[in-house]
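To keep things clear, I will list the structure first and then write my remarks on it.
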Amino acid sequence: MSTSLNTPTTSLPGGTWTMGDLTVTRFGYGAMQLAGPGVTGPPADHDGALAVLREAVRLGITHIDTADAYGPHVTNLLIREALHPYPDSLHIATKVGAVRDEQGGWPPAREPDDLRRAVHDNLENLGVETLDLVDLRLGDATGPRPGSLAEAYGTLVELQQQGLIRHLGLSNATADQIAEAQAIAPFVCVQNLYNLAHRQDDDLVDRLAEQGIAYVPYFPLGGFSPLQSSTLSAVAARHGVRPMSVALAWLLQRSPNILLIPGTSSVAHLRENIAGAGLTLSGEDLAALDTIGR
């Protein structure tokens, strides 16, 4: 491994958070956008995708989020090509519980055999003997859905006991499913839809913070109404930055257990996201932004 991949050159906003025995930068990177259009097939710019991954690590990011369903298999193989053998400080989180169909959908795949196959595919394509973190993806493409996770989560616990997984997490989960999982075995993170406009998990974020559990929001700038967007844009204009920068900075300031995984296929955009997330929002900014999702 070259020195450039082991020596970070940038201090990232938000500091770090510890999940189990994994200490990661709160500003991470989500690999979904490295796949082709619709998260299907290879990227148009293969070398550009490798460059983004290498730059993320060079800049000090130690948390990469992926899934073998992206592509499928594309992002994990890119991560392996770009970064393997991995620096000791780098931790890769992946997801199981959904696959891709020929129509580009994301049908659930949570039967025990599905999950075992997915874990082994992740191990092979990432080129590791143990996965740092595996999130069980629940619900469907429209959002969380009620129902027991006991069989699926229990399967991942068995794989963890076999040494194939270090830590478990949940994705797209309801409050009842989170409580059910906690009664079965510990997990270190929850990955749900959450942003300035969608704050249904406010109480959950705070409860998890009290328990030392990370919260990883996806779609940090999704689902805004025009009125909400105008409020966000006004705050951004005051600082001379893009609305995305404000949305990312707000998430980092919202709670210390929030970990960011914004995705991009551009090195320049990656650097822009890091700079934007480092914005310090004033009390006036926060009061205005607080009207958006309340």
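Order determines the names: the first chain of the structure tokens is A, the second B, and so forth; residues in each chain are numbered 1 upward, and ligands are numbered 1 upward as they are shown.
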Residues at most 9 Å from Gln228 of chain A, counting only C-alpha atoms, excluding those fewer than 6 positions away in the same chain, as a list of chain:residue names? A:Leu196, A:Ala197, A:Leu289, A:Thr291, A:Ile292, A:Gly293
Need the shell around Ala181 of chain A: protein/DNA/RNA residues with any atom at most 10 Å away, counting only C-alpha atoms. Skip same-chain ones fewer than 4 positions apart. Format as an MDAnalysis selection string? chainID A and resid 148:150 153:154 169:170 175:177 185:187
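For segment 41-180 of chain A, backbone-based DSSP labels the following residues as strand (DSSP E or B): His63, Ile64, Asp65, Gly71, His91, Ile92, Ala93, Thr94, Lys95, Val96, Ala98, Pro108, Leu131, Asp132, Leu133, Val134, Asp135, Leu136, Arg137, Asp140, Gly143, Ile165, Arg166, His167, Leu168, Gly169, Leu170 and Ser171 of chain A.
Closest approach to Gln182 of chain A from the set A:Thr75, A:Gln211, A:Gln103, A:Gln33 is made by A:Gln211, with distances taken over only C-alpha atoms.
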DSSP on the backbone, helix (DSSP H, G or I) only: what residues of segment 89-230 of chain A does that give? Format it as a count of residues only. 52
Listing only residues of segment 203-238 of chain A within 9 Å of segment 262-276 of chain A, what is the closest atom pair and its distance in Å (to one decimal) for each, using only C-alpha atoms, sorted by chain and residue number ascending, as a Markdown table?
```
| residue | atom | partner | partner_atom | distance |
| --- | --- | --- | --- | --- |
| A:Tyr218 | CA | A:Pro262 | CA | 7.9 |
| A:Phe219 | CA | A:Pro262 | CA | 8.2 |
| A:Pro220 | CA | A:Pro262 | CA | 7.6 |
```
Quick one: residues within 8 Å of segment 253-256 of chain A, only C-alpha atoms counted, chain neighbours fewer than 3 positions away excluded, as a ChimeraX atom specification? /A:14,17,205-206,209,249-250
